[in-house]
>>> print(open('my_file.cif').read())   # mmCIF, C-alpha atoms and all ligand atoms
data_structure
#
loop_
_atom_site.label_atom_id
_atom_site.label_comp_id
_atom_site.auth_asym_id
_atom_site.auth_seq_id
_atom_site.Cartn_x
_atom_site.Cartn_y
_atom_site.Cartn_z
CA MET A 1 8.89 18.53 13.69
CA ARG A 2 9.46 18.52 9.98
CA LEU A 3 8.78 15.41 7.99
CA ASN A 4 10.49 14.49 4.78
CA ASP A 5 9.38 12.20 2.02
CA ARG A 6 10.64 8.71 2.61
CA SER A 7 11.66 6.09 0.08
CA LEU A 8 10.40 2.66 1.03
CA THR A 9 10.61 -0.75 -0.56
CA CYS A 10 7.50 -2.87 -0.93
CA ARG A 11 7.78 -6.21 0.86
CA ILE A 12 5.52 -7.93 -1.63
CA CYS A 13 6.66 -6.81 -5.08
CA GLY A 14 9.96 -5.20 -4.11
CA SER A 15 9.34 -1.95 -5.92
CA ALA A 16 10.32 1.35 -4.42
CA PHE A 17 7.62 3.78 -3.45
CA VAL A 18 7.54 7.13 -1.71
CA LEU A 19 5.75 7.85 1.53
CA THR A 20 5.20 11.58 1.34
CA ALA A 21 5.48 13.92 4.31
CA ALA A 22 1.72 14.48 4.13
CA GLU A 23 1.05 10.74 4.29
CA GLN A 24 3.36 10.36 7.26
CA GLU A 25 1.54 13.19 8.98
CA LEU A 26 -1.75 11.38 8.39
CA LEU A 27 -0.36 8.19 9.92
CA LEU A 28 0.82 10.12 12.96
CA LEU A 29 -2.58 11.75 13.33
CA ARG A 30 -4.21 8.34 13.26
CA GLY A 31 -1.78 7.14 15.89
CA VAL A 32 -0.15 4.68 13.52
CA GLY A 33 3.45 4.32 14.61
CA THR A 34 4.63 2.19 11.74
CA VAL A 35 5.21 2.95 8.09
CA PRO A 36 3.43 0.85 5.47
CA ALA A 37 5.43 -2.13 4.29
CA HIS A 38 3.63 -2.40 0.97
CA CYS A 39 3.33 -0.10 -2.00
CA PRO A 40 -0.09 1.41 -2.74
CA ILE A 41 -0.68 -1.10 -5.51
CA CYS A 42 -0.10 -4.11 -3.29
CA GLN A 43 -2.09 -2.52 -0.49
CA ARG A 44 -5.00 -2.24 -2.87
CA SER A 45 -4.75 -5.83 -4.00
CA ARG A 46 -4.52 -6.93 -0.38
CA GLN A 47 -7.75 -5.13 0.41
CA TRP A 48 -9.29 -6.95 -2.50
CA GLN A 49 -8.31 -10.29 -1.10
CA VAL A 50 -9.79 -9.41 2.26
CA SER A 51 -13.13 -8.26 0.91
CA TYR A 52 -13.46 -10.80 -1.87
CA GLN A 53 -12.77 -14.47 -2.08
CA PRO A 54 -9.46 -14.83 -3.95
CA SER A 55 -10.78 -17.86 -5.77
CA ALA A 56 -13.61 -15.77 -7.16
CA ILE A 57 -11.20 -13.43 -8.92
CA SER A 58 -9.93 -14.63 -12.25
CA ALA A 59 -6.55 -13.58 -13.60
CA GLU A 60 -8.42 -11.82 -16.35
CA ALA A 61 -10.34 -9.67 -13.89
CA LEU A 62 -7.14 -8.70 -12.11
CA MET A 63 -5.51 -7.64 -15.35
CA ALA A 64 -8.57 -5.65 -16.36
CA ASP A 65 -8.22 -3.61 -13.18
CA GLY A 66 -4.95 -2.06 -14.20
ZN ZN B 1 4.15 -3.75 -4.01
#
>>> encode(input="my_file.cif", output="structure tokens")
Amino acid sequence: MRLNDRSLTCRICGSAFVLTAAEQELLLLRGVGTVPAHCPICQRSRQWQVSYQPSAISAEALMADG
């Protein structure tokens, strides 16, 4: 089966992002049946919030990340 790049819309920030064929293949290999609902940027900030206490992150620190 051939996979094509897919255009998705982030559910958090609403920006469009592309899930490449290679990324979809990876998800299939991992047995993940769903496509990500969030763009890479939001996924990263979500991981942040899981591993760090949100209250410990100042707005300044978040802006410095970019
Ligand atoms: Zn986003």
>>> residues_around(input="my_file.cif", residues="stretch 2-12 of chain A", least_positions_apart="2", cutoff="8 Å", atoms="only C-alpha atoms", output="PDB file with C-alpha atoms, in the coordinates of the input")
ATOM      1  CA  GLY A  14       9.960  -5.200  -4.110  1.00  0.00           C
ATOM      2  CA  SER A  15       9.340  -1.950  -5.920  1.00  0.00           C
ATOM      3  CA  ALA A  16      10.320   1.350  -4.420  1.00  0.00           C
ATOM      4  CA  PHE A  17       7.620   3.780  -3.450  1.00  0.00           C
ATOM      5  CA  VAL A  18       7.540   7.130  -1.710  1.00  0.00           C
ATOM      6  CA  LEU A  19       5.750   7.850   1.530  1.00  0.00           C
ATOM      7  CA  THR A  20       5.200  11.580   1.340  1.00  0.00           C
ATOM      8  CA  ALA A  21       5.480  13.920   4.310  1.00  0.00           C
ATOM      9  CA  GLN A  24       3.360  10.360   7.260  1.00  0.00           C
ATOM     10  CA  GLU A  25       1.540  13.190   8.980  1.00  0.00           C
ATOM     11  CA  ALA A  37       5.430  -2.130   4.290  1.00  0.00           C
ATOM     12  CA  HIS A  38       3.630  -2.400   0.970  1.00  0.00           C
ATOM     13  CA  CYS A  39       3.330  -0.100  -2.000  1.00  0.00           C
ATOM     14  CA  CYS A  42      -0.100  -4.110  -3.290  1.00  0.00           C
TER      15      CYS A  42
END
>>> atom_distance(input="my_file.cif", atom1="atom CA of A:Leu29", atom2="atom CA of A:Arg46")
23.3 Å
>>> closest_residue(input="my_file.cif", among="A:Val32, A:Leu27, A:Cys13, A:Ser45", to="ligand ZN 1 (chain B)", atoms="all atoms listed in the file")
A:Cys13
>>> axis_aligned_box(input="my_file.cif", around="stretch 29-45 of chain A", padding_each_side="3 Å", output="AutoDock Vina command-line options")
--center_x 0.2 --center_y 3.0 --center_z 5.2 --size_x 16.4 --size_y 23.6 --size_z 27.4
>>> closest_residue(input="my_file.cif", among="A:Leu28, A:Arg44, A:Ala22, A:Gly33", to="ligand ZN 1 (chain B)", atoms="all atoms listed in the file")
A:Arg44
